[in-house]
$ cat work_39.cif   # mmCIF, C-alpha atoms
data_run
loop_
_atom_site.label_atom_id
_atom_site.label_comp_id
_atom_site.auth_asym_id
_atom_site.auth_seq_id
_atom_site.Cartn_x
_atom_site.Cartn_y
_atom_site.Cartn_z
CA MET A 1 212.28 40.05 22.37
CA SER A 2 209.95 37.05 22.10
CA SER A 3 206.73 36.54 24.05
CA LEU A 4 206.27 33.77 26.57
CA PHE A 5 202.87 33.25 24.97
CA ASN A 6 202.20 31.66 21.61
CA GLU A 7 200.32 33.65 18.99
CA ALA A 8 198.72 30.57 17.46
CA LYS A 9 197.60 29.07 20.77
CA THR A 10 195.99 32.32 21.91
CA SER A 11 194.19 32.91 18.59
CA ARG A 12 190.41 33.14 18.65
CA GLU A 13 187.66 34.05 16.18
CA VAL A 14 184.16 35.37 16.66
CA MET A 15 181.37 36.38 14.29
CA VAL A 16 179.81 39.79 14.88
CA ARG A 17 177.17 41.87 13.16
CA VAL A 18 178.03 45.54 12.59
CA GLN A 19 176.11 48.04 10.46
CA ASP A 20 173.90 45.30 8.98
CA ALA A 21 176.81 43.11 7.89
CA ASP A 22 178.48 40.04 9.39
CA TYR A 23 182.22 39.93 10.02
CA LYS A 24 184.62 37.32 11.30
CA VAL A 25 186.94 39.04 13.77
CA HIS A 26 190.21 37.47 14.85
CA TYR A 27 191.73 38.25 18.23
CA ASN A 28 194.30 36.93 20.69
CA ASP A 29 193.22 36.17 24.24
CA VAL A 30 196.08 36.02 26.76
CA GLY A 31 195.64 35.47 30.51
CA ARG A 32 192.91 34.23 32.83
CA VAL A 33 189.24 34.83 32.18
CA GLU A 34 188.71 36.14 35.72
CA ASP A 35 191.43 38.81 35.48
CA PRO A 36 190.73 42.49 34.69
CA VAL A 37 190.80 43.06 30.94
CA VAL A 38 193.14 45.24 28.91
CA VAL A 39 192.19 45.64 25.25
CA MET A 40 195.07 46.60 22.95
CA LEU A 41 194.17 48.09 19.57
CA HIS A 42 196.59 48.14 16.63
CA GLY A 43 197.33 50.87 14.12
CA SER A 44 196.60 51.13 10.40
CA GLY A 45 200.01 50.27 8.96
CA PRO A 46 199.99 47.71 6.16
CA GLY A 47 200.33 44.25 7.68
CA ALA A 48 199.49 45.51 11.18
CA THR A 49 197.97 43.17 13.77
CA GLY A 50 197.50 43.33 17.51
CA TRP A 51 200.21 40.75 18.07
CA ALA A 52 202.70 42.52 15.79
CA ASN A 53 202.05 45.90 17.46
CA TYR A 54 202.19 44.71 21.07
CA HIS A 55 204.42 41.63 21.22
CA ARG A 56 206.87 43.51 23.48
CA ASN A 57 204.11 44.29 25.98
CA ILE A 58 202.01 41.14 26.29
CA ASP A 59 204.21 39.33 28.83
CA ALA A 60 204.41 42.32 31.18
CA PHE A 61 200.66 42.88 31.28
CA ALA A 62 199.71 39.22 31.57
CA GLY A 63 202.39 38.79 34.23
CA ALA A 64 200.90 41.70 36.18
CA GLY A 65 197.55 39.90 36.37
CA TYR A 66 195.66 41.25 33.36
CA ARG A 67 193.77 39.41 30.68
CA VAL A 68 195.03 40.88 27.39
CA LEU A 69 192.76 41.01 24.34
CA LEU A 70 194.38 41.91 21.02
CA ILE A 71 191.51 42.62 18.61
CA ASN A 72 192.20 42.76 14.88
CA VAL A 73 189.48 44.94 13.36
CA PRO A 74 188.13 44.02 9.91
CA GLY A 75 190.60 44.88 7.20
CA PHE A 76 193.59 43.61 9.19
CA GLY A 77 195.24 40.31 9.96
CA LYS A 78 192.98 37.25 9.87
CA SER A 79 189.80 39.27 10.26
CA ASP A 80 187.37 39.67 7.37
CA PRO A 81 187.92 42.32 4.69
CA VAL A 82 186.03 45.61 4.62
CA VAL A 83 185.89 48.75 2.50
CA ILE A 84 185.01 51.98 4.35
CA ALA A 85 183.78 53.95 1.35
CA GLU A 86 181.79 56.42 3.44
CA GLY A 87 181.41 57.39 7.07
CA SER A 88 184.02 56.98 9.79
CA ARG A 89 186.45 54.08 10.17
CA SER A 90 186.86 55.21 13.79
CA GLU A 91 183.13 54.71 14.43
CA PHE A 92 183.08 51.39 12.58
CA ASN A 93 186.00 50.05 14.61
CA GLY A 94 184.37 51.21 17.83
CA LEU A 95 181.24 49.23 16.95
CA VAL A 96 183.35 46.17 16.16
CA ILE A 97 185.10 46.35 19.52
CA ARG A 98 181.79 46.55 21.34
CA ALA A 99 180.34 43.64 19.36
CA VAL A 100 183.36 41.44 20.11
CA LEU A 101 183.26 42.26 23.83
CA ASP A 102 179.54 41.52 23.93
CA ARG A 103 180.01 38.16 22.24
CA ILE A 104 182.76 37.04 24.64
CA GLN A 105 180.91 38.54 27.64
CA VAL A 106 183.43 41.16 28.71
CA ASP A 107 181.99 44.29 30.30
CA ARG A 108 184.42 46.91 31.63
CA ILE A 109 187.92 47.26 30.21
CA HIS A 110 191.11 49.26 30.18
CA LEU A 111 191.69 50.41 26.62
CA ILE A 112 195.07 50.98 24.94
CA GLY A 113 195.26 52.25 21.37
CA ASN A 114 198.14 53.05 19.03
CA SER A 115 197.57 55.39 16.05
CA MET A 116 194.35 54.17 14.36
CA GLY A 117 193.77 52.10 17.49
CA ALA A 118 193.68 55.30 19.51
CA HIS A 119 191.03 56.75 17.17
CA SER A 120 189.05 53.52 17.64
CA ALA A 121 189.46 53.83 21.41
CA THR A 122 187.99 57.34 21.35
CA ALA A 123 184.98 56.17 19.35
CA PHE A 124 184.40 53.30 21.78
CA ALA A 125 184.83 55.46 24.88
CA LEU A 126 182.38 58.09 23.63
CA ALA A 127 179.74 55.49 22.79
CA ASN A 128 180.31 53.30 25.87
CA PRO A 129 181.45 55.55 28.73
CA ASP A 130 180.44 53.12 31.46
CA ARG A 131 182.56 50.31 30.01
CA VAL A 132 185.96 52.06 30.14
CA HIS A 133 188.05 52.11 33.33
CA ARG A 134 191.11 53.89 31.93
CA LEU A 135 192.39 54.95 28.52
CA VAL A 136 195.90 55.00 27.08
CA TYR A 137 196.61 56.79 23.80
CA MET A 138 199.83 56.46 21.81
CA GLY A 139 200.31 58.53 18.68
CA GLY A 140 196.62 59.10 17.96
CA GLY A 141 193.17 59.59 19.41
CA THR A 142 191.49 62.22 17.27
CA GLY A 143 191.60 63.29 13.65
CA GLY A 144 192.44 66.76 12.49
CA THR A 145 195.64 68.37 11.35
CA SER A 146 198.85 69.32 13.06
CA THR A 147 199.39 73.03 13.70
CA PHE A 148 203.05 72.85 12.70
CA VAL A 149 203.56 69.97 10.23
CA PRO A 150 202.08 69.96 6.69
CA GLN A 151 199.53 67.25 6.00
CA PRO A 152 199.69 64.50 4.98
CA THR A 153 202.88 63.90 6.90
CA GLU A 154 205.97 62.19 5.50
CA GLY A 155 205.06 58.98 7.31
CA ILE A 156 201.45 58.85 6.12
CA LYS A 157 202.60 59.38 2.53
CA LEU A 158 204.98 56.44 2.83
CA LEU A 159 202.30 54.29 4.49
CA ASN A 160 199.86 54.85 1.65
CA PHE A 161 202.62 54.16 -0.89
CA VAL A 162 203.35 50.79 0.76
CA TYR A 163 199.65 49.90 0.53
CA ARG A 164 199.93 50.37 -3.22
CA GLU A 165 203.38 48.80 -3.69
CA PRO A 166 204.09 46.39 -0.79
CA THR A 167 207.74 45.56 -1.50
CA LEU A 168 210.46 44.94 1.05
CA GLU A 169 212.31 48.06 -0.13
CA ASN A 170 209.23 50.24 0.36
CA VAL A 171 208.54 48.74 3.78
CA LYS A 172 212.12 49.57 4.81
CA ARG A 173 211.63 53.17 3.68
CA MET A 174 208.45 53.46 5.73
CA MET A 175 209.85 51.79 8.84
CA ASN A 176 212.97 53.97 8.76
CA VAL A 177 210.59 56.89 9.33
CA PHE A 178 208.28 54.94 11.63
CA VAL A 179 210.80 54.53 14.46
CA TYR A 180 213.56 56.79 15.73
CA ASP A 181 216.30 54.14 15.61
CA PRO A 182 215.68 51.62 12.82
CA SER A 183 218.79 49.57 13.66
CA ALA A 184 216.63 47.15 15.70
CA LEU A 185 214.47 46.42 12.65
CA THR A 186 216.06 43.27 11.30
CA ASP A 187 215.55 42.09 7.74
CA ASP A 188 213.72 39.05 9.11
CA LEU A 189 211.28 41.26 11.01
CA LEU A 190 210.64 43.44 7.97
CA GLN A 191 210.27 40.45 5.67
CA GLN A 192 207.73 38.96 8.07
CA ARG A 193 205.73 42.18 7.78
CA VAL A 194 205.87 41.95 3.98
CA ASN A 195 204.77 38.31 4.14
CA ASN A 196 201.81 39.32 6.31
CA MET A 197 200.80 41.88 3.70
CA HIS A 198 200.97 39.45 0.80
CA ALA A 199 199.06 36.80 2.76
CA ASN A 200 196.16 39.26 2.91
CA ARG A 201 196.44 41.22 -0.34
CA HIS A 202 192.71 41.95 -0.24
CA HIS A 203 193.29 44.10 2.86
CA LEU A 204 195.79 46.24 0.94
CA GLU A 205 193.49 46.65 -2.03
CA ASN A 206 190.52 47.47 0.19
CA TRP A 207 192.49 50.12 2.09
CA VAL A 208 193.38 51.84 -1.19
CA ALA A 209 189.75 51.62 -2.31
CA SER A 210 188.62 53.07 1.03
CA VAL A 211 190.91 56.12 1.05
CA THR A 212 190.23 56.75 -2.64
CA ALA A 213 186.47 56.88 -2.07
CA ASN A 214 186.65 58.41 1.41
CA PRO A 215 189.92 60.27 2.11
CA LYS A 216 188.87 61.34 5.62
CA GLN A 217 188.71 57.93 7.32
CA PHE A 218 189.09 59.15 10.91
CA THR A 219 186.82 61.48 12.87
CA ASP A 220 188.07 64.70 14.44
CA TYR A 221 186.80 64.32 18.01
CA GLN A 222 188.27 67.57 19.36
CA LEU A 223 184.92 69.09 20.38
CA ARG A 224 183.70 65.86 22.01
CA LEU A 225 186.78 65.07 24.08
CA PRO A 226 185.33 66.70 27.25
CA GLU A 227 182.66 63.97 27.23
CA ILE A 228 185.29 61.33 28.05
CA LYS A 229 185.51 61.07 31.83
CA ALA A 230 187.83 58.07 32.08
CA PRO A 231 191.32 58.86 33.42
CA THR A 232 193.60 59.01 30.40
CA LEU A 233 197.32 58.64 29.80
CA ILE A 234 198.62 60.15 26.55
CA VAL A 235 201.99 58.86 25.36
CA TRP A 236 203.83 60.22 22.32
CA GLY A 237 207.20 60.12 20.59
CA ARG A 238 208.90 63.49 20.15
CA GLU A 239 210.22 62.41 16.75
CA ASP A 240 206.90 61.00 15.50
CA ARG A 241 206.88 61.61 11.74
CA PHE A 242 203.44 60.07 11.20
CA LEU A 243 201.31 62.00 13.71
CA PRO A 244 203.19 64.96 15.28
CA TYR A 245 203.03 65.32 19.04
CA ASP A 246 201.11 68.60 18.98
CA ILE A 247 198.06 66.42 18.28
CA GLY A 248 198.72 64.94 21.72
CA LEU A 249 198.49 68.45 23.12
CA ARG A 250 195.03 68.76 21.55
CA LEU A 251 194.02 65.62 23.44
CA LEU A 252 195.50 66.94 26.65
CA SER A 253 193.63 70.22 26.31
CA GLY A 254 190.29 68.53 25.66
CA LEU A 255 190.20 65.54 28.01
CA PRO A 256 188.99 66.36 31.54
CA GLU A 257 191.32 63.94 33.36
CA ALA A 258 194.48 63.41 31.33
CA GLU A 259 198.26 63.46 31.58
CA LEU A 260 200.86 63.46 28.81
CA HIS A 261 204.28 61.82 28.67
CA LEU A 262 206.53 62.72 25.75
CA PHE A 263 209.44 60.39 24.91
CA SER A 264 212.55 61.76 23.28
CA ARG A 265 214.40 59.59 20.75
CA CYS A 266 211.09 57.99 19.84
CA GLY A 267 208.96 57.79 16.72
CA HIS A 268 205.43 56.49 16.22
CA TRP A 269 205.74 53.23 18.17
CA VAL A 270 206.35 54.08 21.85
CA GLN A 271 205.23 50.66 23.12
CA TRP A 272 207.89 49.02 20.96
CA GLU A 273 210.72 51.56 21.00
CA HIS A 274 210.60 52.12 24.78
CA ALA A 275 208.84 48.91 25.77
CA GLU A 276 210.17 48.43 29.32
CA LYS A 277 209.48 52.01 30.42
CA PHE A 278 206.14 52.01 28.64
CA ASN A 279 205.12 48.80 30.38
CA ARG A 280 206.05 50.13 33.82
CA MET A 281 204.37 53.49 33.24
CA VAL A 282 201.10 52.07 31.94
CA LEU A 283 200.86 49.32 34.55
CA ASP A 284 201.34 51.94 37.26
CA PHE A 285 198.65 54.11 35.66
CA LEU A 286 196.18 51.22 35.44
CA SER A 287 196.72 50.24 39.08
CA ARG A 288 195.90 53.65 40.57
#
$ encode --input "work_39.cif" --output "structure tokens"
Amino acid sequence: MSSLFNEAKTSREVMVRVQDADYKVHYNDVGRVEDPVVVMLHGSGPGATGWANYHRNIDAFAGAGYRVLLINVPGFGKSDPVVIAEGSRSEFNGLVIRAVLDRIQVDRIHLIGNSMGAHSATAFALANPDRVHRLVYMGGGTGGTSTFVPQPTEGIKLLNFVYREPTLENVKRMMNVFVYDPSALTDDLLQQRVNNMHANRHHLENWVASVTANPKQFTDYQLRLPEIKAPTLIVWGREDRFLPYDIGLRLLSGLPEAELHLFSRCGHWVQWEHAEKFNRMVLDFLSR
């Protein structure tokens, strides 16, 4: 499924200052400036970008009258490199998101995050409660361990292995666990992901350096979830082998105004594996 919009033509860059350092942040800006804004945040997979994570969703949201911002946090895509050797990557990403929105003069937003992007969304929502209309989490949102599945999970082990050895064979192994039905993952799609990794080898090396120095990259927000007042939709894949769905139940139990939808025959990438239903569900949620 190809987008009606062009990745290159919607590409933008902005310089921001975060934690006493300057970073170039790349993002895609789709839609009209006057439309309500939906920010979509990507995960932490090697080679991940906002466009790669959400290319099956952009048309539906822009067509429904939203301005879509796909922000690539430092360490991913065409954004500057970073090593998170201490502290929280969740908090760092939240600060980046705020700095980008400030620079492009965007105030209130709907926020959608997948995996690491969901952790980043939580950090942003806690620090900027008045700037979030609604939240959507997919396969993430808080750190901490699963009650039922040993940690690190099968998927996270494969992800970290790809960061160290980014070959096509290793990417196939990871993606076969990443989604429920890997038959839609063509060799061209997987090779493009590998090409993205090798085009930004410094991001791979910096990720390895980060997790070596600071294994706990993402904050466990369980005790702070009641502070988030924004209406929240939690979406998860029943067969998620990266972050098991009982973590979604932790979110549901902690957030004051939340609902959970669990997809069967679905792995870690709901917005891609069940794109049409996801688009309808989230657009309905945002319009309430």
$ resolve_selection --input "work_39.cif" --expression "the PyMOL selection byres ((chain A and resi 162-170) around 10)" --output "PyMOL selection string"
chain A and resi 45-47+156-161+171-176+187+190-195+197-198+201+203-208
$ residues_near_point --input "work_39.cif" --point "(202.2, 41.9, 24.7)" --cutoff "12 Å" --atoms "all atoms listed in the file" --output "MDAnalysis selection string"
chainID A and resid 1:7 10 28:31 38:42 49:64 66:70 112 271:272 275:276 278:279
$ residues_around --input "work_39.cif" --residues "Cys266 (chain A)" --least-positions-apart "4" --cutoff "6 Å" --atoms "all atoms listed in the file" --output "list of chain:residue names"
A:Tyr180, A:Gly237, A:Arg238, A:Glu239
$ resolve_selection --input "work_39.cif" --expression "the PyMOL selection byres ((chain A and resi 91) around 12)" --output "MDAnalysis selection string"
chainID A and resid 18:19 73 84 86:90 92:98 116:128 142 217:221
$ resolve_selection --input "work_39.cif" --expression "the PyMOL selection byres ((chain A and resi 260) around 9)" --output "list in words"
Thr232, Leu233, Ile234, Val235, Trp236, Gly248, Leu249, Leu251, Leu252, Ala258, Glu259, His261 and Leu262 of chain A
$ atom_distance --input "work_39.cif" --atom1 "CA of Asp107 (chain A)" --atom2 "CA of Arg131 (chain A)"
6.1 Å
$ atom_distance --input "work_39.cif" --atom1 "CA of Glu227 (chain A)" --atom2 "CA of Pro256 (chain A)"
8.0 Å
$ atom_distance --input "work_39.cif" --atom1 "CA of Arg250 (chain A)" --atom2 "CA of Phe285 (chain A)"
20.7 Å
$ residues_around --input "work_39.cif" --residues "Arg103 (chain A)" --least-positions-apart "3" --cutoff "9 Å" --atoms "all atoms listed in the file" --output "list in words"
Val14, Met15, Val16, Arg98, Ala99, Val100 and Val106 of chain A
$ write_last_selection --input "work_39.cif" --atoms "C-alpha atoms" --output "PDB file, keeping the file's coordinate frame"
ATOM      1  CA  VAL A  14     184.160  35.370  16.660  1.00  0.00           C
ATOM      2  CA  MET A  15     181.370  36.380  14.290  1.00  0.00           C
ATOM      3  CA  VAL A  16     179.810  39.790  14.880  1.00  0.00           C
ATOM      4  CA  ARG A  98     181.790  46.550  21.340  1.00  0.00           C
ATOM      5  CA  ALA A  99     180.340  43.640  19.360  1.00  0.00           C
ATOM      6  CA  VAL A 100     183.360  41.440  20.110  1.00  0.00           C
ATOM      7  CA  VAL A 106     183.430  41.160  28.710  1.00  0.00           C
TER       8      VAL A 106
END
$ closest_residue --input "work_39.cif" --among "A:Gly141, A:Pro182, A:Pro74, A:Pro152" --to "Arg224 (chain A)" --atoms "only C-alpha atoms"
A:Gly141
$ closest_residue --input "work_39.cif" --among "A:Ala199, A:Glu273, A:Met138, A:Lys229" --to "Ser183 (chain A)" --atoms "only C-alpha atoms"
A:Glu273
$ axis_aligned_box --input "work_39.cif" --around "region 89-92 of chain A" --padding-each-side "6 Å" --output "AutoDock Vina command-line options"
--center_x 185.0 --center_y 53.3 --center_z 12.3 --size_x 15.8 --size_y 15.8 --size_z 16.3
$ closest_residue --input "work_39.cif" --among "A:Gly43, A:Gly267, A:Pro36, A:Pro244" --to "Thr153 (chain A)" --atoms "only C-alpha atoms"
A:Pro244
